[in-house]
file model_15.cif (mmCIF, C-alpha atoms)
data_data
#
loop_
_atom_site.label_atom_id
_atom_site.label_comp_id
_atom_site.auth_asym_id
_atom_site.auth_seq_id
_atom_site.Cartn_x
_atom_site.Cartn_y
_atom_site.Cartn_z
CA MET A 1 -14.37 2.98 -46.20
CA ALA A 2 -13.18 -0.54 -46.81
CA ARG A 3 -12.23 -2.68 -43.88
CA ASN A 4 -8.65 -2.02 -42.94
CA LYS A 5 -6.33 -5.01 -43.26
CA HIS A 6 -3.64 -3.59 -41.00
CA PRO A 7 -4.62 -3.62 -37.35
CA GLU A 8 -2.22 -0.79 -36.38
CA GLU A 9 -3.84 1.43 -39.01
CA THR A 10 -7.27 0.62 -37.63
CA VAL A 11 -6.09 1.45 -34.13
CA ASN A 12 -4.56 4.74 -35.30
CA LEU A 13 -7.75 5.64 -37.15
CA ILE A 14 -9.85 4.97 -34.05
CA LEU A 15 -7.48 7.03 -31.91
CA ASP A 16 -7.40 9.96 -34.36
CA VAL A 17 -11.18 10.09 -34.64
CA ALA A 18 -11.64 9.63 -30.90
CA SER A 19 -9.17 12.34 -29.94
CA ARG A 20 -10.73 14.80 -32.39
CA LEU A 21 -14.20 14.09 -30.97
CA PHE A 22 -12.96 14.24 -27.36
CA MET A 23 -11.48 17.67 -28.13
CA GLU A 24 -14.56 18.95 -29.92
CA LYS A 25 -17.27 17.61 -27.61
CA GLY A 26 -15.32 16.77 -24.47
CA TYR A 27 -14.65 13.23 -23.25
CA GLU A 28 -17.71 12.86 -21.05
CA ARG A 29 -20.07 13.96 -23.84
CA THR A 30 -18.56 11.69 -26.53
CA SER A 31 -20.13 8.23 -26.79
CA ILE A 32 -18.66 5.09 -28.36
CA GLN A 33 -21.55 5.47 -30.85
CA ASP A 34 -20.26 8.94 -31.85
CA ILE A 35 -16.84 7.45 -32.52
CA ILE A 36 -18.28 4.63 -34.63
CA ALA A 37 -20.40 7.10 -36.62
CA ASN A 38 -17.20 8.95 -37.59
CA LEU A 39 -15.20 5.90 -38.60
CA GLY A 40 -16.58 5.76 -42.13
CA GLY A 41 -18.12 2.32 -42.03
CA LEU A 42 -15.85 0.54 -39.60
CA SER A 43 -18.03 -1.80 -37.57
CA LYS A 44 -18.76 -1.71 -33.86
CA GLY A 45 -17.11 -5.14 -33.65
CA ALA A 46 -13.88 -3.71 -35.09
CA ILE A 47 -13.70 -1.12 -32.31
CA TYR A 48 -14.45 -3.64 -29.58
CA HIS A 49 -11.83 -5.94 -31.03
CA HIS A 50 -9.20 -3.35 -30.08
CA PHE A 51 -10.75 -1.52 -27.13
CA LYS A 52 -12.96 -2.80 -24.35
CA SER A 53 -14.45 0.59 -23.45
CA LYS A 54 -14.39 4.32 -24.06
CA GLU A 55 -12.07 4.63 -21.07
CA ASP A 56 -9.72 2.18 -22.82
CA ILE A 57 -9.66 4.45 -25.87
CA LEU A 58 -8.91 7.46 -23.70
CA VAL A 59 -6.01 5.64 -22.04
CA ALA A 60 -4.59 4.89 -25.51
CA VAL A 61 -5.10 8.51 -26.64
CA THR A 62 -3.27 9.85 -23.60
CA ASP A 63 -0.50 7.25 -23.99
CA LYS A 64 0.16 8.60 -27.47
CA MET A 65 0.26 12.18 -26.18
CA THR A 66 2.62 11.04 -23.42
CA GLU A 67 5.01 9.50 -25.95
CA GLU A 68 5.27 12.85 -27.73
CA SER A 69 5.79 14.61 -24.45
CA ASN A 70 8.56 12.16 -23.52
CA ARG A 71 10.44 12.91 -26.73
CA MET A 72 10.48 16.58 -25.72
CA LEU A 73 11.70 15.65 -22.22
CA ALA A 74 14.55 13.59 -23.74
CA VAL A 75 15.72 16.50 -25.90
CA ILE A 76 15.99 18.78 -22.87
CA ARG A 77 17.61 16.08 -20.71
CA ASP A 78 20.33 15.53 -23.31
CA ARG A 79 21.23 19.18 -23.98
CA MET A 80 24.84 20.10 -23.25
CA ASP A 81 24.39 23.85 -22.67
CA LEU A 82 22.31 23.84 -19.48
CA THR A 83 22.93 23.01 -15.82
CA GLY A 84 20.72 20.45 -14.09
CA GLN A 85 18.65 23.16 -12.43
CA GLU A 86 18.24 25.02 -15.73
CA LYS A 87 17.08 21.80 -17.40
CA LEU A 88 14.52 21.24 -14.65
CA LYS A 89 13.19 24.73 -15.25
CA ALA A 90 13.18 24.19 -19.03
CA ILE A 91 11.21 20.97 -18.62
CA PHE A 92 8.49 22.59 -16.52
CA LYS A 93 8.31 25.56 -18.85
CA GLU A 94 8.13 23.43 -22.00
CA SER A 95 5.69 20.94 -20.49
CA ILE A 96 3.06 23.55 -19.89
CA ALA A 97 3.94 25.88 -22.79
CA ARG A 98 3.41 23.34 -25.59
CA PRO A 99 0.29 24.01 -27.70
CA VAL A 100 -0.71 20.33 -27.46
CA GLN A 101 -1.57 21.03 -23.84
CA ASP A 102 -4.46 23.20 -25.05
CA GLU A 103 -5.78 20.12 -26.83
CA ILE A 104 -5.29 17.83 -23.87
CA PHE A 105 -7.14 20.23 -21.63
CA LYS A 106 -9.95 20.50 -24.17
CA VAL A 107 -10.47 16.73 -23.96
CA ALA A 108 -11.19 17.47 -20.32
CA PRO A 109 -11.91 14.06 -18.89
CA ASN A 110 -12.66 14.27 -15.21
CA LEU A 111 -9.96 11.93 -13.96
CA SER A 112 -11.38 11.85 -10.49
CA THR A 113 -14.23 9.75 -11.87
CA ASN A 114 -11.96 7.62 -14.09
CA PRO A 115 -9.87 5.39 -11.81
CA ARG A 116 -8.10 3.59 -14.65
CA LEU A 117 -6.96 6.82 -16.24
CA LEU A 118 -5.72 8.21 -12.96
CA PHE A 119 -3.84 4.97 -12.45
CA SER A 120 -2.33 5.22 -15.91
CA VAL A 121 -1.08 8.80 -15.34
CA PHE A 122 0.22 7.72 -11.94
CA SER A 123 2.09 4.67 -13.27
CA GLU A 124 3.60 6.57 -16.18
CA THR A 125 4.84 9.29 -13.83
CA VAL A 126 6.39 6.85 -11.37
CA ASN A 127 7.73 4.29 -13.84
CA THR A 128 8.89 6.50 -16.71
CA ALA A 129 8.92 10.27 -16.17
CA ALA A 130 10.64 10.18 -12.76
CA PRO A 131 13.39 7.57 -13.38
CA ASP A 132 14.07 8.22 -17.09
CA TYR A 133 13.89 12.01 -17.28
CA ILE A 134 13.77 13.88 -13.97
CA ARG A 135 16.19 11.73 -11.98
CA PRO A 136 19.05 11.95 -14.54
CA ILE A 137 18.59 15.72 -14.66
CA ILE A 138 18.79 15.97 -10.88
CA GLU A 139 21.92 13.81 -10.93
CA GLN A 140 23.45 16.14 -13.52
CA GLY A 141 22.53 19.03 -11.21
CA ILE A 142 24.31 17.36 -8.29
CA ALA A 143 27.39 16.84 -10.46
CA ASP A 144 27.47 20.46 -11.72
CA GLY A 145 26.62 21.91 -8.31
CA SER A 146 23.28 23.47 -9.32
CA ILE A 147 21.14 21.05 -7.23
CA GLN A 148 21.83 19.87 -3.68
CA THR A 149 20.32 16.60 -2.51
CA GLU A 150 21.47 13.21 -1.31
CA TYR A 151 18.32 11.58 -2.67
CA PRO A 152 17.95 12.26 -6.42
CA ALA A 153 15.57 9.37 -7.19
CA GLU A 154 13.18 10.24 -4.38
CA LEU A 155 13.29 13.99 -4.95
CA ALA A 156 12.60 13.39 -8.67
CA GLU A 157 9.57 11.27 -7.84
CA LEU A 158 8.07 13.69 -5.32
CA ILE A 159 8.46 16.71 -7.62
CA ILE A 160 7.02 15.07 -10.71
CA LEU A 161 4.13 13.47 -8.82
CA ALA A 162 3.23 16.86 -7.37
CA ALA A 163 3.38 18.42 -10.85
CA ASN A 164 1.68 15.67 -12.88
CA ILE A 165 -0.94 14.51 -10.39
CA TRP A 166 -1.56 17.13 -7.74
CA MET A 167 -1.31 20.15 -10.02
CA ASN A 168 -3.27 18.48 -12.81
CA PRO A 169 -6.64 20.29 -13.02
CA MET A 170 -8.09 17.25 -14.81
CA ILE A 171 -7.44 15.00 -11.84
CA PHE A 172 -8.59 17.39 -9.16
CA ASP A 173 -11.18 19.33 -11.18
CA ASP A 174 -9.57 22.53 -9.88
CA SER A 175 -10.92 26.00 -10.43
CA VAL A 176 -8.58 28.62 -11.90
CA GLU A 177 -8.22 30.10 -8.41
CA THR A 178 -7.31 26.74 -6.84
CA SER A 179 -4.78 26.07 -9.62
CA TYR A 180 -3.13 29.37 -8.77
CA ARG A 181 -2.99 28.55 -5.06
CA LYS A 182 -1.50 25.10 -5.70
CA PHE A 183 1.08 26.64 -7.96
CA MET A 184 2.13 29.04 -5.18
CA VAL A 185 2.49 26.14 -2.72
CA PHE A 186 4.46 24.18 -5.33
CA ARG A 187 6.78 27.17 -5.84
CA GLN A 188 7.37 27.35 -2.10
CA MET A 189 8.09 23.62 -1.98
CA MET A 190 10.61 23.92 -4.81
CA ARG A 191 12.33 26.85 -3.10
CA GLY A 192 12.53 24.76 0.07
CA PHE A 193 14.59 22.31 -1.97
CA GLY A 194 16.77 25.18 -3.23
CA LEU A 195 15.12 25.06 -6.67
CA ASP A 196 14.07 28.41 -8.07
CA ILE A 197 12.50 27.15 -11.25
CA VAL A 198 8.94 28.42 -11.20
CA ASP A 199 8.32 31.88 -12.64
CA ASP A 200 5.38 34.19 -13.31
CA GLU A 201 5.23 33.32 -17.01
CA MET A 202 4.58 29.67 -16.05
CA LEU A 203 1.97 30.78 -13.58
CA GLY A 204 0.14 32.74 -16.29
CA ARG A 205 0.25 29.79 -18.66
CA LEU A 206 -1.03 27.38 -16.02
CA GLN A 207 -4.00 29.61 -15.36
CA GLU A 208 -4.66 29.76 -19.10
CA LEU A 209 -4.77 25.95 -19.22
CA SER A 210 -7.06 25.66 -16.25
CA THR A 211 -9.38 28.22 -17.87
CA ILE A 212 -9.47 26.09 -21.05
CA TYR A 213 -10.26 23.02 -18.97
CA GLN A 214 -13.04 24.67 -16.98
CA LYS A 215 -14.66 25.96 -20.20
CA SER A 216 -14.44 22.59 -21.94
CA LYS A 217 -16.07 20.60 -19.20
CA MET B 1 -23.81 -21.67 11.04
CA ALA B 2 -27.32 -20.56 10.27
CA ARG B 3 -27.90 -18.00 7.60
CA ASN B 4 -27.64 -14.53 9.05
CA LYS B 5 -30.83 -12.51 8.92
CA HIS B 6 -29.15 -9.16 9.43
CA PRO B 7 -27.17 -8.02 6.39
CA GLU B 8 -24.84 -5.72 8.39
CA GLU B 9 -23.88 -8.66 10.60
CA THR B 10 -23.13 -10.75 7.53
CA VAL B 11 -21.00 -7.94 6.13
CA ASN B 12 -19.14 -7.54 9.42
CA LEU B 13 -18.55 -11.28 9.63
CA ILE B 14 -17.12 -11.36 6.11
CA LEU B 15 -14.90 -8.36 6.86
CA ASP B 16 -13.64 -9.83 10.16
CA VAL B 17 -12.79 -13.17 8.57
CA ALA B 18 -11.26 -11.53 5.50
CA SER B 19 -9.07 -9.15 7.47
CA ARG B 20 -7.82 -11.96 9.72
CA LEU B 21 -6.93 -14.06 6.66
CA PHE B 22 -5.36 -11.11 4.85
CA MET B 23 -3.16 -10.51 7.90
CA GLU B 24 -2.23 -14.15 8.33
CA LYS B 25 -1.62 -15.10 4.72
CA GLY B 26 -1.26 -11.73 3.01
CA TYR B 27 -3.82 -10.24 0.64
CA GLU B 28 -2.37 -11.63 -2.57
CA ARG B 29 -2.27 -15.19 -1.20
CA THR B 30 -5.82 -15.15 0.19
CA SER B 31 -8.50 -16.33 -2.23
CA ILE B 32 -12.24 -15.71 -2.10
CA GLN B 33 -12.48 -19.50 -1.59
CA ASP B 34 -10.32 -19.21 1.58
CA ILE B 35 -12.69 -16.58 2.91
CA ILE B 36 -15.76 -18.70 2.16
CA ALA B 37 -14.16 -21.76 3.81
CA ASN B 38 -13.79 -19.74 7.03
CA LEU B 39 -17.33 -18.35 7.13
CA GLY B 40 -18.82 -21.42 8.80
CA GLY B 41 -21.34 -22.36 6.15
CA LEU B 42 -22.20 -19.02 4.65
CA SER B 43 -22.71 -19.55 0.94
CA LYS B 44 -20.66 -18.21 -1.94
CA GLY B 45 -23.82 -16.43 -3.08
CA ALA B 46 -24.06 -14.61 0.25
CA ILE B 47 -20.56 -13.18 -0.22
CA TYR B 48 -21.20 -12.14 -3.79
CA HIS B 49 -24.45 -10.54 -2.73
CA HIS B 50 -22.39 -8.02 -0.74
CA PHE B 51 -19.06 -7.89 -2.57
CA LYS B 52 -18.31 -8.18 -6.26
CA SER B 53 -14.67 -9.23 -5.81
CA LYS B 54 -11.81 -9.79 -3.39
CA GLU B 55 -10.63 -6.26 -4.16
CA ASP B 56 -14.09 -5.02 -3.11
CA ILE B 57 -13.66 -6.78 0.24
CA LEU B 58 -10.23 -5.22 0.70
CA VAL B 59 -11.63 -1.76 -0.01
CA ALA B 60 -14.27 -2.34 2.69
CA VAL B 61 -11.66 -3.65 5.14
CA THR B 62 -9.45 -0.61 4.64
CA ASP B 63 -12.47 1.73 4.86
CA LYS B 64 -13.15 0.33 8.32
CA MET B 65 -9.54 0.83 9.36
CA THR B 66 -9.69 4.39 7.99
CA GLU B 67 -12.76 5.16 10.09
CA GLU B 68 -10.84 4.20 13.21
CA SER B 69 -7.89 6.25 12.12
CA ASN B 70 -10.13 9.28 11.50
CA ARG B 71 -11.49 9.09 15.05
CA MET B 72 -7.90 9.40 16.29
CA LEU B 73 -7.28 12.36 13.96
CA ALA B 74 -10.39 14.11 15.28
CA VAL B 75 -9.26 13.74 18.90
CA ILE B 76 -5.91 15.40 18.13
CA ARG B 77 -7.53 18.10 15.98
CA ASP B 78 -9.87 19.07 18.82
CA ARG B 79 -7.31 19.21 21.64
CA MET B 80 -6.99 22.58 23.37
CA ASP B 81 -3.45 22.24 24.75
CA LEU B 82 -1.43 22.15 21.50
CA THR B 83 -0.49 24.66 18.80
CA GLY B 84 -1.30 23.91 15.17
CA GLN B 85 2.24 22.83 14.44
CA GLU B 86 2.30 20.59 17.54
CA LYS B 87 -0.96 18.99 16.43
CA LEU B 88 0.46 18.31 12.98
CA LYS B 89 3.43 16.61 14.60
CA ALA B 90 1.15 14.65 16.95
CA ILE B 91 -0.92 13.42 14.00
CA PHE B 92 2.06 12.12 12.08
CA LYS B 93 3.49 10.50 15.20
CA GLU B 94 0.21 8.86 16.17
CA SER B 95 -0.62 7.77 12.64
CA ILE B 96 2.48 5.67 12.31
CA ALA B 97 2.85 4.69 15.98
CA ARG B 98 -0.54 2.96 16.32
CA PRO B 99 -0.28 -0.84 16.66
CA VAL B 100 -3.06 -1.27 14.07
CA GLN B 101 -0.50 -0.13 11.49
CA ASP B 102 1.39 -3.38 12.06
CA GLU B 103 -1.78 -5.21 11.07
CA ILE B 104 -2.40 -3.06 8.00
CA PHE B 105 1.15 -3.60 6.82
CA LYS B 106 0.78 -7.34 7.39
CA VAL B 107 -2.19 -7.38 5.01
CA ALA B 108 0.36 -6.14 2.51
CA PRO B 109 -1.67 -5.67 -0.62
CA ASN B 110 0.46 -4.41 -3.46
CA LEU B 111 -1.50 -1.30 -4.26
CA SER B 112 0.44 -0.69 -7.43
CA THR B 113 -1.41 -3.66 -8.93
CA ASN B 114 -4.79 -2.73 -7.42
CA PRO B 115 -6.06 0.41 -9.18
CA ARG B 116 -9.34 0.54 -7.27
CA LEU B 117 -7.62 0.40 -3.92
CA LEU B 118 -5.13 3.10 -4.88
CA PHE B 119 -8.07 5.20 -6.02
CA SER B 120 -9.87 4.60 -2.75
CA VAL B 121 -6.84 5.70 -0.65
CA PHE B 122 -6.41 8.68 -2.96
CA SER B 123 -10.06 9.79 -2.73
CA GLU B 124 -10.20 9.36 1.03
CA THR B 125 -7.04 11.45 1.43
CA VAL B 126 -8.28 14.27 -0.82
CA ASN B 127 -11.95 14.28 0.19
CA THR B 128 -11.71 13.58 3.92
CA ALA B 129 -8.27 13.60 5.54
CA ALA B 130 -7.09 16.87 3.96
CA PRO B 131 -10.22 19.06 4.34
CA ASP B 132 -11.62 17.62 7.59
CA TYR B 133 -8.47 17.08 9.64
CA ILE B 134 -5.26 18.60 8.26
CA ARG B 135 -6.65 21.87 6.91
CA PRO B 136 -8.38 22.89 10.18
CA ILE B 137 -5.13 22.16 12.05
CA ILE B 138 -3.12 24.32 9.64
CA GLU B 139 -5.70 27.09 10.05
CA GLN B 140 -5.32 26.84 13.83
CA GLY B 141 -1.55 27.07 13.28
CA ILE B 142 -1.96 30.24 11.23
CA ALA B 143 -4.14 31.74 13.97
CA ASP B 144 -1.71 30.86 16.79
CA GLY B 145 1.37 31.85 14.75
CA SER B 146 2.95 28.38 14.68
CA ILE B 147 2.39 27.85 10.92
CA GLN B 148 2.95 30.41 8.13
CA THR B 149 1.08 29.98 4.86
CA GLU B 150 -1.47 31.84 2.80
CA TYR B 151 -2.79 28.58 1.36
CA PRO B 152 -3.93 26.24 4.15
CA ALA B 153 -6.21 24.05 2.00
CA GLU B 154 -3.57 23.43 -0.66
CA LEU B 155 -0.70 22.94 1.79
CA ALA B 156 -2.85 20.44 3.72
CA GLU B 157 -3.56 18.47 0.57
CA LEU B 158 0.04 18.35 -0.62
CA ILE B 159 1.40 17.24 2.77
CA ILE B 160 -1.15 14.52 3.36
CA LEU B 161 -0.94 13.20 -0.20
CA ALA B 162 2.83 12.94 0.14
CA ALA B 163 2.43 11.11 3.46
CA ASN B 164 -0.48 8.81 2.62
CA ILE B 165 0.33 8.00 -1.00
CA TRP B 166 3.98 8.67 -1.77
CA MET B 167 5.38 7.44 1.52
CA ASN B 168 3.06 4.45 1.65
CA PRO B 169 5.26 1.37 1.09
CA MET B 170 2.15 -0.59 0.07
CA ILE B 171 1.53 1.69 -2.88
CA PHE B 172 5.11 1.96 -4.06
CA ASP B 173 6.35 -1.44 -2.89
CA ASP B 174 9.31 0.37 -1.32
CA SER B 175 12.30 -1.34 0.24
CA VAL B 176 13.27 -0.35 3.78
CA GLU B 177 16.14 1.69 2.30
CA THR B 178 13.85 3.57 -0.12
CA SER B 179 11.36 4.27 2.67
CA TYR B 180 14.19 5.86 4.63
CA ARG B 181 15.26 8.01 1.68
CA LYS B 182 11.69 9.20 1.02
CA PHE B 183 11.31 10.05 4.67
CA MET B 184 14.45 12.23 4.50
CA VAL B 185 13.11 14.07 1.43
CA PHE B 186 9.74 14.49 3.16
CA ARG B 187 11.50 15.96 6.22
CA GLN B 188 13.33 18.42 3.98
CA MET B 189 10.06 19.37 2.28
CA MET B 190 8.37 19.98 5.63
CA ARG B 191 11.29 22.12 6.82
CA GLY B 192 11.00 24.11 3.58
CA PHE B 193 7.48 24.97 4.73
CA GLY B 194 8.81 25.92 8.16
CA LEU B 195 7.42 22.73 9.71
CA ASP B 196 9.82 20.86 11.95
CA ILE B 197 7.55 17.95 12.75
CA VAL B 198 9.45 14.88 11.66
CA ASP B 199 11.82 13.31 14.18
CA ASP B 200 14.13 10.30 14.44
CA GLU B 201 11.64 8.29 16.48
CA MET B 202 9.14 8.52 13.59
CA LEU B 203 11.89 7.54 11.19
CA GLY B 204 12.63 4.40 13.21
CA ARG B 205 8.97 3.46 13.37
CA LEU B 206 8.50 3.97 9.65
CA GLN B 207 11.38 1.64 8.92
CA GLU B 208 9.84 -0.91 11.29
CA LEU B 209 6.60 -0.76 9.30
CA SER B 210 8.30 -1.10 5.97
CA THR B 211 10.20 -4.13 7.33
CA ILE B 212 6.88 -5.72 8.37
CA TYR B 213 5.46 -5.04 4.91
CA GLN B 214 8.44 -6.47 3.05
CA LYS B 215 8.34 -9.63 5.21
CA SER B 216 4.59 -10.10 4.72
CA LYS B 217 4.61 -9.83 0.96
#
call {"tool": "encode", "arguments": {"input": "model_15.cif", "output": "C-alpha cells"}}
result
Amino acid sequence: MARNKHPEETVNLILDVASRLFMEKGYERTSIQDIIANLGGLSKGAIYHHFKSKEDILVAVTDKMTEESNRMLAVIRDRMDLTGQEKLKAIFKESIARPVQDEIFKVAPNLSTNPRLLFSVFSETVNTAAPDYIRPIIEQGIADGSIQTEYPAELAELIILAANIWMNPMIFDDSVETSYRKFMVFRQMMRGFGLDIVDDEMLGRLQELSTIYQKSK
Amino acid sequence: MARNKHPEETVNLILDVASRLFMEKGYERTSIQDIIANLGGLSKGAIYHHFKSKEDILVAVTDKMTEESNRMLAVIRDRMDLTGQEKLKAIFKESIARPVQDEIFKVAPNLSTNPRLLFSVFSETVNTAAPDYIRPIIEQGIADGSIQTEYPAELAELIILAANIWMNPMIFDDSVETSYRKFMVFRQMMRGFGLDIVDDEMLGRLQELSTIYQKSK
C-alpha cells in the first residue's frame, strides 16, 4: 500500500487493524509488530508518529467505541415516550445488549494492569457519561415523578461509576460467578434508591459477556 | 550531611522531607528541586536512584500513610465488644476523624491529573482494604445478625470504593458543597443496604476536610 497522505485515514487504518487483531488474538497477545505486519507496508515510524505505545492505540480504539455508545445514550435520553426511570432502565439494557459489547469483551485487555486505560474509562465516565447522559435523565425522572432524589448529579455519578468501573469484568478480571454477585449487589443498591431497573434478562446477558471475556483472555 | 550508607534511611529521609514540603506548599507547587534543596546535601542522583519522579515519591508517601491507616482498621476489626455494623460505623468515623487526615488533605494532590496515584489508591482499596478489613467485618455482621447480605465480598468492595474513591475530594476535586451532596447520597445508599452508620458528626468532619483541601490547593 502506498503511503497515506491523509493523517486521519492513517489513524483510522491503524485503529481498524488494531481492533481486529485485538479481537482475534486478545490485547495482551497482540504486539505492535503484529499491527505493523497487517498494515500493508505502512512503516513502523508512521505508527509511532501517531501513537506512542500499544496502550495508546488501545485508548484510541476504546474512545471510538465510546463515541458510538454515546450516540446510543443520546437517542434514549432524548426520547419523548419514556419516563426518567424507564430511560434509565433502557440505557442499562441497551448498553449491555448491544452486539458490539461482544467485540469489546473479546479484546479483553486486563485493565487492572493498564493504569492509563483505567484512567481513561474513569475520566470518560465522570466527565461525559454522568453529566451529559445520566444526570439529565435523572432530572427528567424527578420532574415526571418516577425518580426521587435531591441530588441528581451525585446519584448519576455514583450509579454510572458502579456500572462502568466496578461491574466491568475487564477492570476487575471478574469470574462469571463474581459478576453475578456484583450484579445482585448493584440491583439491591438501585432498589435502595427506589430504582427497579435491573431485571433477569440483563443478568443473563451480563453473565454471557463475562463468559466471553474469560474465554478470550 | 554525609552520604547515607543505609538505603532505607535515605528513602525515609526523602519521604519525610517530601511529605513536609507537600503539606506546607501543596503537592503541585513542590518541585523535585525543592525536595533536593531540603535534603542537606544529598545529591540529585541519590533521589533518582530511589524514585523515578515526583509522582513516585507521592505514591510512596501515601503508601506510608495507608500503612498507618490499616493498623487502625485492624484494631477496630479485631475488637470483641462491637457488632459488625458497629465496627463498620467505627471504621468510617475513625477514618475521617484522625488528625493525620488534615495532613493528607493539606498535601492536596489533584488525583484527577495523576493517573498513577489514582491507580494506587484504587488498587490498595480493592486488594487490601476491601478483602482484609471490610469484608471480615461484614462477615462478622452476618454472623451476629447486625448486617444482612448474601454477598459480603462484593458489598465490602462497593462500599469502600464509594468511600475511598468517589467521596475522596482529592480525586474528584470536589467543592465543600459537592462533598456534602455526595455524603447524603452515600448515606442513602448505606441505608438501602440496611446500614445506618453515617451520622451528622461524620458529615461535619467531612466538610471540614474538604474545606482544608480546597484551601490548600
call {"tool": "closest_residue", "arguments": {"input": "model_15.cif", "among": "A:Phe92, A:Phe172, A:Tyr48, A:Phe105", "to": "A:Arg187", "atoms": "all atoms listed in the file"}}
result
A:Phe92
call {"tool": "interface_residues", "arguments": {"input": "model_15.cif", "of": "chain A", "to": "chain B", "cutoff": "6 Å", "atoms": "only C-alpha atoms", "output": "list in words"}}
result
Glu154, Lys182 and Gly192 of chain A
call {"tool": "resolve_selection", "arguments": {"input": "model_15.cif", "expression": "the PyMOL selection byres ((chain B and resi 43) around 12)", "output": "PyMOL selection string"}}
result
chain B and resi 1-4+10+14+32-33+35-42+44-50
call {"tool": "resolve_selection", "arguments": {"input": "model_15.cif", "expression": "the PyMOL selection byres ((chain A and resi 175-177) around 8)", "output": "list in words"}}
result
Pro169, Asp173, Asp174, Thr178, Ser179, Tyr180, Arg181, Gln207, Ser210, Thr211 and Gln214 of chain A
call {"tool": "write_last_selection", "arguments": {"input": "model_15.cif", "atoms": "C-alpha atoms", "output": "CSV table (one decimal), in the coordinates of the input"}}
result
chain,number,residue,atom,x,y,z
A,169,PRO,CA,-6.6,20.3,-13.0
A,173,ASP,CA,-11.2,19.3,-11.2
A,174,ASP,CA,-9.6,22.5,-9.9
A,178,THR,CA,-7.3,26.7,-6.8
A,179,SER,CA,-4.8,26.1,-9.6
A,180,TYR,CA,-3.1,29.4,-8.8
A,181,ARG,CA,-3.0,28.6,-5.1
A,207,GLN,CA,-4.0,29.6,-15.4
A,210,SER,CA,-7.1,25.7,-16.2
A,211,THR,CA,-9.4,28.2,-17.9
A,214,GLN,CA,-13.0,24.7,-17.0
call {"tool": "residues_around", "arguments": {"input": "model_15.cif", "residues": "stretch 75-84 of chain B", "least_positions_apart": "3", "cutoff": "9 Å", "atoms": "only C-alpha atoms", "output": "list in words"}}
result
Asn70, Arg71, Met72, Lys87, Leu88, Lys89, Ala90, Ile91, Tyr133, Ile134, Pro136, Ile137, Ile138, Glu139, Gln140, Gly141, Ile142, Ala143, Asp144, Gly145, Ser146 and Ile147 of chain B
call {"tool": "residues_around", "arguments": {"input": "model_15.cif", "residues": "stretch 96-104 of chain A", "least_positions_apart": "3", "cutoff": "12 Å", "atoms": "all atoms listed in the file", "output": "ChimeraX atom specification"}}
result
/A:19-27,58,61-66,68-69,72-73,89-93,107-110,163-164,167-170,198,201-216
call {"tool": "atom_distance", "arguments": {"input": "model_15.cif", "atom1": "atom CA of A:Val11", "atom2": "atom CA of A:Glu28"}}
result
20.9 Å
call {"tool": "atom_distance", "arguments": {"input": "model_15.cif", "atom1": "atom CA of A:Ile57", "atom2": "atom CA of A:Leu15"}}
result
6.9 Å
call {"tool": "atom_distance", "arguments": {"input": "model_15.cif", "atom1": "atom CA of B:Phe51", "atom2": "atom CA of B:Pro131"}}
result
29.2 Å
call {"tool": "residues_near_point", "arguments": {"input": "model_15.cif", "point": "(18.2, 29.5, -14.6)", "cutoff": "8 Å", "atoms": "all atoms listed in the file", "output": "number ranges by chain"}}
result
A: 85-86, 89, 196-197
call {"tool": "closest_residue", "arguments": {"input": "model_15.cif", "among": "B:Asp34, B:Ser53, B:Gln148, B:Ile160", "to": "B:Val17", "atoms": "only C-alpha atoms"}}
result
B:Asp34
